[in-house]
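Source file coords-v9.pdb; content: PDB, C-alpha atoms, pLDDT in the B column.
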ATOM      1  CA  MET A 137     106.367  97.826 111.667  1.00 43.00           C
ATOM      2  CA  THR A 138     107.210 100.289 114.376  1.00 43.00           C
ATOM      3  CA  GLY A 139     106.544  99.993 118.095  1.00 48.00           C
ATOM      4  CA  GLU A 140     104.086 102.878 117.760  1.00 66.00           C
ATOM      5  CA  ARG A 141     101.775 100.932 115.502  1.00 81.00           C
ATOM      6  CA  GLN A 142      98.694  99.535 117.192  1.00 88.00           C
ATOM      7  CA  ILE A 143      97.387  96.330 115.679  1.00 94.00           C
ATOM      8  CA  HIS A 144      93.892  95.670 116.956  1.00 95.00           C
ATOM      9  CA  ASN A 145      92.418  94.147 113.785  1.00 97.00           C
ATOM     10  CA  LEU A 146      93.321  92.044 110.776  1.00 98.00           C
ATOM     11  CA  ALA A 147      92.487  93.446 107.332  1.00 98.00           C
ATOM     12  CA  LEU A 148      92.402  91.150 104.309  1.00 98.00           C
ATOM     13  CA  ILE A 149      92.900  92.911 101.000  1.00 98.00           C
ATOM     14  CA  GLY A 150      93.322  91.614  97.475  1.00 96.00           C
ATOM     15  CA  PHE A 151      91.502  91.076  94.244  1.00 94.00           C
ATOM     16  CA  MET A 152      88.072  89.457  94.077  1.00 90.00           C
ATOM     17  CA  GLY A 153      88.241  85.689  94.181  1.00 91.00           C
ATOM     18  CA  THR A 154      91.465  85.447  96.178  1.00 95.00           C
ATOM     19  CA  GLY A 155      89.731  84.016  99.249  1.00 94.00           C
ATOM     20  CA  LYS A 156      89.293  87.038 101.518  1.00 96.00           C
ATOM     21  CA  SER A 157      85.794  86.078 102.687  1.00 94.00           C
ATOM     22  CA  SER A 158      86.582  82.376 103.185  1.00 95.00           C
ATOM     23  CA  VAL A 159      89.881  83.033 104.966  1.00 97.00           C
ATOM     24  CA  GLY A 160      88.228  85.804 106.991  1.00 97.00           C
ATOM     25  CA  ARG A 161      85.501  83.444 108.233  1.00 97.00           C
ATOM     26  CA  LEU A 162      88.037  80.859 109.408  1.00 97.00           C
ATOM     27  CA  ALA A 163      90.309  83.453 111.028  1.00 97.00           C
ATOM     28  CA  ALA A 164      87.394  85.150 112.803  1.00 98.00           C
ATOM     29  CA  ALA A 165      86.130  81.836 114.135  1.00 97.00           C
ATOM     30  CA  GLN A 166      89.563  80.839 115.412  1.00 96.00           C
ATOM     31  CA  LEU A 167      90.256  84.197 117.090  1.00 97.00           C
ATOM     32  CA  GLY A 168      86.713  84.823 118.314  1.00 97.00           C
ATOM     33  CA  TYR A 169      86.734  88.138 116.427  1.00 98.00           C
ATOM     34  CA  GLU A 170      83.843  89.637 114.510  1.00 97.00           C
ATOM     35  CA  LEU A 171      84.073  89.301 110.734  1.00 98.00           C
ATOM     36  CA  ILE A 172      83.243  92.448 108.792  1.00 97.00           C
ATOM     37  CA  ASP A 173      82.803  91.986 105.050  1.00 96.00           C
ATOM     38  CA  THR A 174      82.980  95.521 103.670  1.00 96.00           C
ATOM     39  CA  ASP A 175      80.891  94.732 100.596  1.00 93.00           C
ATOM     40  CA  GLU A 176      78.088  93.260 102.739  1.00 94.00           C
ATOM     41  CA  TRP A 177      78.334  96.208 105.129  1.00 95.00           C
ATOM     42  CA  ILE A 178      78.015  98.661 102.224  1.00 95.00           C
ATOM     43  CA  GLU A 179      75.010  96.806 100.830  1.00 95.00           C
ATOM     44  CA  ARG A 180      73.271  97.008 104.219  1.00 94.00           C
ATOM     45  CA  ARG A 181      74.056 100.700 104.601  1.00 92.00           C
ATOM     46  CA  ALA A 182      73.036 101.597 101.028  1.00 92.00           C
ATOM     47  CA  LYS A 183      70.026  99.254 101.183  1.00 95.00           C
ATOM     48  CA  LYS A 184      70.896  97.897  97.739  1.00 94.00           C
ATOM     49  CA  SER A 185      73.316  95.491  96.120  1.00 92.00           C
ATOM     50  CA  ILE A 186      76.738  96.542  94.942  1.00 89.00           C
ATOM     51  CA  THR A 187      75.650  95.741  91.402  1.00 87.00           C
ATOM     52  CA  LYS A 188      72.783  98.234  91.825  1.00 92.00           C
ATOM     53  CA  ILE A 189      75.058 100.855  93.387  1.00 94.00           C
ATOM     54  CA  PHE A 190      77.400 100.587  90.390  1.00 90.00           C
ATOM     55  CA  ALA A 191      74.496 100.667  87.908  1.00 91.00           C
ATOM     56  CA  GLU A 192      72.480 103.470  89.530  1.00 95.00           C
ATOM     57  CA  ASP A 193      75.113 105.627  91.236  1.00 94.00           C
ATOM     58  CA  GLY A 194      78.380 104.667  89.547  1.00 93.00           C
ATOM     59  CA  GLU A 195      81.704 103.405  90.814  1.00 90.00           C
ATOM     60  CA  PRO A 196      82.765 106.793  92.291  1.00 93.00           C
ATOM     61  CA  ALA A 197      79.731 106.762  94.614  1.00 93.00           C
ATOM     62  CA  PHE A 198      80.577 103.220  95.701  1.00 93.00           C
ATOM     63  CA  ARG A 199      84.211 104.179  96.377  1.00 92.00           C
ATOM     64  CA  GLU A 200      83.050 107.138  98.508  1.00 93.00           C
ATOM     65  CA  ILE A 201      80.940 104.813 100.661  1.00 94.00           C
ATOM     66  CA  GLU A 202      84.013 102.576 101.017  1.00 94.00           C
ATOM     67  CA  ARG A 203      86.144 105.561 102.035  1.00 93.00           C
ATOM     68  CA  GLN A 204      83.605 106.530 104.718  1.00 94.00           C
ATOM     69  CA  LEU A 205      83.588 102.976 106.074  1.00 95.00           C
ATOM     70  CA  VAL A 206      87.393 102.868 106.258  1.00 96.00           C
ATOM     71  CA  ALA A 207      87.367 106.136 108.229  1.00 94.00           C
ATOM     72  CA  GLU A 208      84.931 104.584 110.741  1.00 94.00           C
ATOM     73  CA  MET A 209      87.190 101.567 111.261  1.00 95.00           C
ATOM     74  CA  THR A 210      89.880 103.463 113.165  1.00 92.00           C
ATOM     75  CA  GLY A 211      88.088 102.864 116.475  1.00 92.00           C
ATOM     76  CA  TRP A 212      87.397  99.190 115.853  1.00 95.00           C
ATOM     77  CA  ARG A 213      88.891  96.400 117.959  1.00 96.00           C
ATOM     78  CA  GLN A 214      89.032  92.634 117.463  1.00 97.00           C
ATOM     79  CA  LYS A 215      87.698  92.607 113.913  1.00 98.00           C
ATOM     80  CA  ILE A 216      88.645  90.622 110.846  1.00 98.00           C
ATOM     81  CA  ILE A 217      88.000  92.992 107.953  1.00 98.00           C
ATOM     82  CA  SER A 218      87.445  91.338 104.582  1.00 97.00           C
ATOM     83  CA  THR A 219      87.643  94.149 102.067  1.00 96.00           C
ATOM     84  CA  GLY A 220      86.222  94.510  98.604  1.00 90.00           C
ATOM     85  CA  GLY A 221      88.831  94.083  95.875  1.00 87.00           C
ATOM     86  CA  GLY A 222      89.138  97.792  95.081  1.00 89.00           C
ATOM     87  CA  LEU A 223      89.088  99.192  98.614  1.00 94.00           C
ATOM     88  CA  ALA A 224      92.870  98.989  98.900  1.00 94.00           C
ATOM     89  CA  ALA A 225      93.400 100.747  95.556  1.00 93.00           C
ATOM     90  CA  ASN A 226      93.509 104.033  97.428  1.00 92.00           C
ATOM     91  CA  ASP A 227      96.570 105.231  99.368  1.00 93.00           C
ATOM     92  CA  ALA A 228      94.408 106.945 101.998  1.00 94.00           C
ATOM     93  CA  ASN A 229      92.497 103.704 102.679  1.00 96.00           C
ATOM     94  CA  ILE A 230      95.757 101.773 103.100  1.00 96.00           C
ATOM     95  CA  ALA A 231      97.196 104.430 105.426  1.00 95.00           C
ATOM     96  CA  SER A 232      94.014 104.426 107.514  1.00 95.00           C
ATOM     97  CA  LEU A 233      93.948 100.626 107.802  1.00 97.00           C
ATOM     98  CA  LYS A 234      97.597 100.587 108.876  1.00 95.00           C
ATOM     99  CA  GLN A 235      96.673 102.717 111.899  1.00 94.00           C
ATOM    100  CA  HIS A 236      94.849  99.798 113.518  1.00 95.00           C
ATOM    101  CA  ALA A 237      95.253  96.617 111.482  1.00 97.00           C
ATOM    102  CA  LEU A 238      97.771  94.181 110.120  1.00 97.00           C
ATOM    103  CA  ILE A 239      97.118  94.249 106.386  1.00 98.00           C
ATOM    104  CA  VAL A 240      97.412  90.918 104.602  1.00 98.00           C
ATOM    105  CA  CYS A 241      97.038  90.804 100.834  1.00 98.00           C
ATOM    106  CA  LEU A 242      95.763  87.548  99.381  1.00 97.00           C
ATOM    107  CA  TRP A 243      97.079  87.013  95.865  1.00 95.00           C
ATOM    108  CA  ALA A 244      96.285  84.722  92.925  1.00 95.00           C
ATOM    109  CA  THR A 245      96.965  84.636  89.191  1.00 95.00           C
ATOM    110  CA  PRO A 246      94.409  86.163  86.813  1.00 95.00           C
ATOM    111  CA  GLU A 247      93.576  82.675  85.546  1.00 94.00           C
ATOM    112  CA  ALA A 248      92.949  81.317  89.064  1.00 93.00           C
ATOM    113  CA  ILE A 249      90.788  84.335  89.874  1.00 92.00           C
ATOM    114  CA  TRP A 250      88.745  83.901  86.695  1.00 90.00           C
ATOM    115  CA  GLU A 251      88.278  80.202  87.448  1.00 89.00           C
ATOM    116  CA  ARG A 252      86.950  81.084  90.912  1.00 89.00           C
ATOM    117  CA  VAL A 253      84.597  83.935  89.907  1.00 86.00           C
ATOM    118  CA  SER A 254      83.484  83.064  86.373  1.00 82.00           C
ATOM    119  CA  HIS A 255      80.196  81.569  87.588  1.00 80.00           C
ATOM    120  CA  GLN A 256      79.313  84.560  89.797  1.00 74.00           C
ATOM    121  CA  ALA A 257      76.893  87.062  88.269  1.00 69.00           C
ATOM    122  CA  HIS A 258      77.293  89.668  91.046  1.00 68.00           C
ATOM    123  CA  ARG A 259      80.682  90.962  89.868  1.00 72.00           C
ATOM    124  CA  PRO A 260      79.893  94.312  88.171  1.00 67.00           C
ATOM    125  CA  LEU A 261      83.493  94.992  87.153  1.00 67.00           C
ATOM    126  CA  LEU A 262      83.564  91.764  85.132  1.00 73.00           C
ATOM    127  CA  GLN A 263      80.522  92.443  82.994  1.00 77.00           C
ATOM    128  CA  GLY A 264      81.746  92.755  79.431  1.00 80.00           C
ATOM    129  CA  PRO A 265      83.209  90.883  76.506  1.00 85.00           C
ATOM    130  CA  ASP A 266      86.655  90.015  77.994  1.00 90.00           C
ATOM    131  CA  PRO A 267      86.425  89.425  81.755  1.00 89.00           C
ATOM    132  CA  LEU A 268      89.842  87.722  81.971  1.00 91.00           C
ATOM    133  CA  GLY A 269      91.397  90.705  80.202  1.00 94.00           C
ATOM    134  CA  LYS A 270      89.609  93.007  82.643  1.00 91.00           C
ATOM    135  CA  ILE A 271      91.001  90.991  85.571  1.00 93.00           C
ATOM    136  CA  ARG A 272      94.522  91.341  84.157  1.00 95.00           C
ATOM    137  CA  THR A 273      94.094  95.092  83.635  1.00 94.00           C
ATOM    138  CA  LEU A 274      92.654  95.707  87.107  1.00 92.00           C
ATOM    139  CA  LEU A 275      95.316  93.553  88.772  1.00 94.00           C
ATOM    140  CA  GLU A 276      98.021  95.506  86.998  1.00 95.00           C
ATOM    141  CA  GLN A 277      96.477  98.799  88.174  1.00 95.00           C
ATOM    142  CA  ARG A 278      95.989  97.605  91.754  1.00 94.00           C
ATOM    143  CA  THR A 279      99.275  95.755  92.262  1.00 95.00           C
ATOM    144  CA  PRO A 280     101.172  98.831  93.564  1.00 95.00           C
ATOM    145  CA  PHE A 281      98.483  99.276  96.215  1.00 95.00           C
ATOM    146  CA  TYR A 282      98.304  95.580  97.132  1.00 96.00           C
ATOM    147  CA  ARG A 283     102.090  95.509  97.573  1.00 95.00           C
ATOM    148  CA  GLN A 284     101.755  98.031 100.403  1.00 96.00           C
ATOM    149  CA  ALA A 285     100.292  95.269 102.569  1.00 97.00           C
ATOM    150  CA  ASP A 286     102.301  94.068 105.545  1.00 97.00           C
ATOM    151  CA  VAL A 287     102.122  90.483 104.293  1.00 97.00           C
ATOM    152  CA  LEU A 288     101.487  89.021 100.823  1.00 96.00           C
ATOM    153  CA  VAL A 289     100.081  85.475 100.648  1.00 97.00           C
ATOM    154  CA  HIS A 290      99.686  83.564  97.386  1.00 95.00           C
ATOM    155  CA  THR A 291      96.463  81.559  97.540  1.00 95.00           C
ATOM    156  CA  GLY A 292      96.640  79.749  94.205  1.00 86.00           C
ATOM    157  CA  THR A 293      98.018  76.412  95.401  1.00 87.00           C
ATOM    158  CA  ARG A 294      96.953  76.473  99.048  1.00 92.00           C
ATOM    159  CA  SER A 295      93.709  75.385 100.660  1.00 94.00           C
ATOM    160  CA  VAL A 296      91.614  77.996 102.443  1.00 95.00           C
ATOM    161  CA  ARG A 297      92.574  76.364 105.753  1.00 96.00           C
ATOM    162  CA  GLU A 298      96.310  76.578 104.940  1.00 97.00           C
ATOM    163  CA  VAL A 299      95.992  80.235 103.956  1.00 97.00           C
ATOM    164  CA  ALA A 300      94.005  81.023 107.111  1.00 97.00           C
ATOM    165  CA  GLN A 301      96.643  79.340 109.299  1.00 97.00           C
ATOM    166  CA  HIS A 302      99.428  81.289 107.593  1.00 96.00           C
ATOM    167  CA  VAL A 303      97.515  84.558 107.993  1.00 97.00           C
ATOM    168  CA  LEU A 304      96.808  83.851 111.662  1.00 97.00           C
ATOM    169  CA  HIS A 305     100.472  83.044 112.273  1.00 97.00           C
ATOM    170  CA  GLN A 306     101.490  86.384 110.736  1.00 96.00           C
ATOM    171  CA  PHE A 307      98.865  88.165 112.852  1.00 97.00           C
ATOM    172  CA  GLN A 308     100.171  86.523 116.041  1.00 95.00           C
ATOM    173  CA  ILE A 309     103.734  87.582 115.183  1.00 94.00           C
ATOM    174  CA  ALA A 310     102.616  91.164 114.541  1.00 93.00           C
ATOM    175  CA  ARG A 311     100.582  91.295 117.758  1.00 90.00           C
ATOM    176  CA  ALA A 312     103.533  89.954 119.751  1.00 88.00           C
ATOM    177  CA  ARG A 313     105.590  92.947 118.592  1.00 80.00           C
ATOM    178  CA  VAL A 314     103.106  95.423 120.075  1.00 60.00           C
ATOM    179  CA  PRO A 315     104.075  96.589 123.585  1.00 56.00           C
ATOM    180  CA  ASP A 316     101.820  95.112 126.300  1.00 48.00           C
ATOM    181  CA  GLY A 317     100.326  98.498 127.203  1.00 43.00           C
ATOM    182  CA  GLU A 318      98.957  98.888 123.674  1.00 46.00           C
ATOM    183  CA  ARG A 319      97.476  95.421 123.309  1.00 42.00           C
ATOM    184  CA  THR A 320      93.705  94.904 123.379  1.00 44.00           C
ATOM    185  CA  HIS A 321      92.733  91.622 125.052  1.00 39.00           C
TER     186      HIS A 321
END

Output the file's structure in the form of structure tokens.
Amino acid sequence: MTGERQIHNLALIGFMGTGKSSVGRLAAAQLGYELIDTDEWIERRAKKSITKIFAEDGEPAFREIERQLVAEMTGWRQKIISTGGGLAANDANIASLKQHALIVCLWATPEAIWERVSHQAHRPLLQGPDPLGKIRTLLEQRTPFYRQADVLVHTGTRSVREVAQHVLHQFQIARARVPDGERTH
């Protein structure tokens, strides 16, 4: 990270089921920041569920709404941003987030992810005959994007509280590197 980088927010990226929402809630509560869940934000803006957006408009339309949201984030301050699993699978989204946020990627094995999300019906990308295979394929495709995060945290063997504490520690370190004149209090 360079001295020019301004870290006003914390962005959690990673595959579905890695703990972004749970860790985001704990981190936001501890910092007194607002939690923004991008999937919930998109559902409110579109006035329909993500499952419906995918079914009626297609994944490209959903990704365009995500791109618009990421562009709006550049002026945000004191936010914990819990992203949808595919938001970071776009170089422009990553570059935009890095303008204002420390990006932390939460990581888990395909098997751990499947165990966490297998009972959830609202996962449109996992509808099909081989959801674990789909998780493996998507993880493989998204890994190069996820690895662009500032920090990678494996969540498989840690509690949500442990992950949140680790993430907050990394955020405090990153914020301490920002010159005082650039810090938002």

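Residues captured in this structure file are Phe151, Met152, Thr245, Pro246, Glu247, Ile249, Trp250, Leu261, Leu262, Asp266, Pro267, Leu268, Gly269, Lys270, Arg272, Thr273, Leu274, Leu275, Glu276 and Gln277 of chain A, according to the PyMOL selection byres ((chain A and resi 271) around 10).
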
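Distances here use only C-alpha atoms; by that measure, the residue among A:Ala228, A:Val159, A:Leu304, A:Ile178 closest to Glu202 of chain A is A:Ile178.
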
- Message: Quick one: residues within 7 Å of Asp175 of chain A, only C-alpha atoms, excluding same-chain residues fewer than 3 positions away - as a list in words?
- Response: Ile178, Glu179, Thr219 and Gly220 of chain A

Those residues with C-alpha atoms, as an mmCIF file, keeping the file's coordinate frame please?
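Written output follows (again.cif):
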data_model
loop_
_atom_site.group_PDB
_atom_site.id
_atom_site.type_symbol
_atom_site.label_atom_id
_atom_site.label_comp_id
_atom_site.auth_asym_id
_atom_site.auth_seq_id
_atom_site.Cartn_x
_atom_site.Cartn_y
_atom_site.Cartn_z
ATOM 1 C CA ILE A 178 78.015 98.661 102.224
ATOM 2 C CA GLU A 179 75.010 96.806 100.830
ATOM 3 C CA THR A 219 87.643 94.149 102.067
ATOM 4 C CA GLY A 220 86.222 94.510 98.604
#

- Taking (101.1, 94.3, 108.2) in the file's coordinates, which residues come within 7 Å, counting all atoms listed in the file, written as a ChimeraX atom specification? /A:238-240,285-287

- Task: Can you work out the spacing between atom CA of Gly153 of chain A and atom CA of His305 of chain A in Å, to one decimal?
- Result: 22.0 Å

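Residue neighbourhood of Arg181 of chain A, excluding near-sequence residues (fewer than 3 positions): Thr174, Asp175, Glu176, Trp177, Ile178, Lys184, Ser185, Ile186, Ile189, Phe198, Ile201, Glu202, Gln204 and Leu205 of chain A, at 12 Å, using all atoms listed in the file.
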
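Closest approach to Ala164 of chain A among A:His144, A:Lys215, A:Arg180, A:His302 is made by A:Lys215 (distances from all atoms listed in the file).
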
- Message: Counting all atoms listed in the file, which residues have an atom no more than 12 Å from (88.4, 84.8, 100.6) in the file's coordinates? Please list them as an MDAnalysis selection string.
- Response: chainID A and resid 147:163 171 173 216:221 240:244 249 252:253 289:292 295:297 299:300 303

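With distances restricted to all atoms listed in the file, A:Leu223 is the closest residue to Glu195 of chain A from A:Gly211, A:Gly168, A:Glu251, A:Leu223.
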
Could you add N, CA and C atoms to segment 287-317 of chain A and give me the result as an mmCIF file, keeping the file's coordinate frame?
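Once written, part.cif looks like this:
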data_model
loop_
_atom_site.group_PDB
_atom_site.id
_atom_site.type_symbol
_atom_site.label_atom_id
_atom_site.label_comp_id
_atom_site.auth_asym_id
_atom_site.auth_seq_id
_atom_site.Cartn_x
_atom_site.Cartn_y
_atom_site.Cartn_z
ATOM 1 N N VAL A 287 101.838 91.871 104.648
ATOM 2 C CA VAL A 287 102.122 90.483 104.293
ATOM 3 C C VAL A 287 101.399 90.179 102.982
ATOM 4 N N LEU A 288 102.092 89.495 102.066
ATOM 5 C CA LEU A 288 101.487 89.021 100.823
ATOM 6 C C LEU A 288 101.422 87.498 100.881
ATOM 7 N N VAL A 289 100.257 86.921 100.593
ATOM 8 C CA VAL A 289 100.081 85.475 100.648
ATOM 9 C C VAL A 289 99.485 85.005 99.328
ATOM 10 N N HIS A 290 100.194 84.131 98.637
ATOM 11 C CA HIS A 290 99.686 83.564 97.386
ATOM 12 C C HIS A 290 98.715 82.441 97.736
ATOM 13 N N THR A 291 97.510 82.521 97.191
ATOM 14 C CA THR A 291 96.463 81.559 97.540
ATOM 15 C C THR A 291 96.223 80.509 96.462
ATOM 16 N N GLY A 292 96.919 80.612 95.351
ATOM 17 C CA GLY A 292 96.640 79.749 94.205
ATOM 18 C C GLY A 292 96.780 78.271 94.456
ATOM 19 N N THR A 293 97.777 77.847 95.215
ATOM 20 C CA THR A 293 98.018 76.412 95.401
ATOM 21 C C THR A 293 97.761 75.956 96.833
ATOM 22 N N ARG A 294 97.209 76.819 97.653
ATOM 23 C CA ARG A 294 96.953 76.473 99.048
ATOM 24 C C ARG A 294 95.457 76.344 99.304
ATOM 25 N N SER A 295 95.109 75.485 100.248
ATOM 26 C CA SER A 295 93.709 75.385 100.660
ATOM 27 C C SER A 295 93.354 76.621 101.487
ATOM 28 N N VAL A 296 92.076 76.875 101.628
ATOM 29 C CA VAL A 296 91.614 77.996 102.443
ATOM 30 C C VAL A 296 92.133 77.839 103.871
ATOM 31 N N ARG A 297 92.108 76.622 104.387
ATOM 32 C CA ARG A 297 92.574 76.364 105.753
ATOM 33 C C ARG A 297 94.068 76.676 105.880
ATOM 34 N N GLU A 298 94.869 76.280 104.900
ATOM 35 C CA GLU A 298 96.310 76.578 104.940
ATOM 36 C C GLU A 298 96.555 78.088 104.905
ATOM 37 N N VAL A 299 95.831 78.787 104.045
ATOM 38 C CA VAL A 299 95.992 80.235 103.956
ATOM 39 C C VAL A 299 95.590 80.883 105.276
ATOM 40 N N ALA A 300 94.471 80.452 105.841
ATOM 41 C CA ALA A 300 94.005 81.023 107.111
ATOM 42 C C ALA A 300 95.044 80.799 108.209
ATOM 43 N N GLN A 301 95.633 79.614 108.275
ATOM 44 C CA GLN A 301 96.643 79.340 109.299
ATOM 45 C C GLN A 301 97.875 80.225 109.118
ATOM 46 N N HIS A 302 98.285 80.414 107.872
ATOM 47 C CA HIS A 302 99.428 81.289 107.593
ATOM 48 C C HIS A 302 99.112 82.730 108.001
ATOM 49 N N VAL A 303 97.937 83.198 107.656
ATOM 50 C CA VAL A 303 97.515 84.558 107.993
ATOM 51 C C VAL A 303 97.465 84.730 109.515
ATOM 52 N N LEU A 304 96.894 83.770 110.204
ATOM 53 C CA LEU A 304 96.808 83.851 111.662
ATOM 54 C C LEU A 304 98.196 83.849 112.305
ATOM 55 N N HIS A 305 99.098 83.065 111.761
ATOM 56 C CA HIS A 305 100.472 83.044 112.273
ATOM 57 C C HIS A 305 101.113 84.429 112.128
ATOM 58 N N GLN A 306 100.943 85.047 110.966
ATOM 59 C CA GLN A 306 101.490 86.384 110.736
ATOM 60 C C GLN A 306 100.859 87.404 111.684
ATOM 61 N N PHE A 307 99.561 87.265 111.930
ATOM 62 C CA PHE A 307 98.865 88.165 112.852
ATOM 63 C C PHE A 307 99.417 88.004 114.269
ATOM 64 N N GLN A 308 99.634 86.763 114.695
ATOM 65 C CA GLN A 308 100.171 86.523 116.041
ATOM 66 C C GLN A 308 101.568 87.123 116.178
ATOM 67 N N ILE A 309 102.390 86.993 115.158
ATOM 68 C CA ILE A 309 103.734 87.582 115.183
ATOM 69 C C ILE A 309 103.634 89.101 115.313
ATOM 70 N N ALA A 310 102.767 89.702 114.510
ATOM 71 C CA ALA A 310 102.616 91.164 114.541
ATOM 72 C C ALA A 310 102.096 91.631 115.895
ATOM 73 N N ARG A 311 101.138 90.920 116.452
ATOM 74 C CA ARG A 311 100.582 91.295 117.758
ATOM 75 C C ARG A 311 101.627 91.155 118.862
ATOM 76 N N ALA A 312 102.503 90.175 118.737
ATOM 77 C CA ALA A 312 103.533 89.954 119.751
ATOM 78 C C ALA A 312 104.542 91.106 119.776
ATOM 79 N N ARG A 313 104.664 91.815 118.668
ATOM 80 C CA ARG A 313 105.590 92.947 118.592
ATOM 81 C C ARG A 313 105.033 94.211 119.217
ATOM 82 N N VAL A 314 103.743 94.238 119.500
ATOM 83 C CA VAL A 314 103.106 95.423 120.075
ATOM 84 C C VAL A 314 103.370 95.422 121.578
ATOM 85 N N PRO A 315 103.849 96.532 122.131
ATOM 86 C CA PRO A 315 104.075 96.589 123.585
ATOM 87 C C PRO A 315 102.804 96.252 124.356
ATOM 88 N N ASP A 316 102.964 95.584 125.506
ATOM 89 C CA ASP A 316 101.820 95.112 126.300
ATOM 90 C C ASP A 316 100.804 96.213 126.605
ATOM 91 N N GLY A 317 101.243 97.412 126.864
ATOM 92 C CA GLY A 317 100.326 98.498 127.203
ATOM 93 C C GLY A 317 99.405 98.892 126.071
#
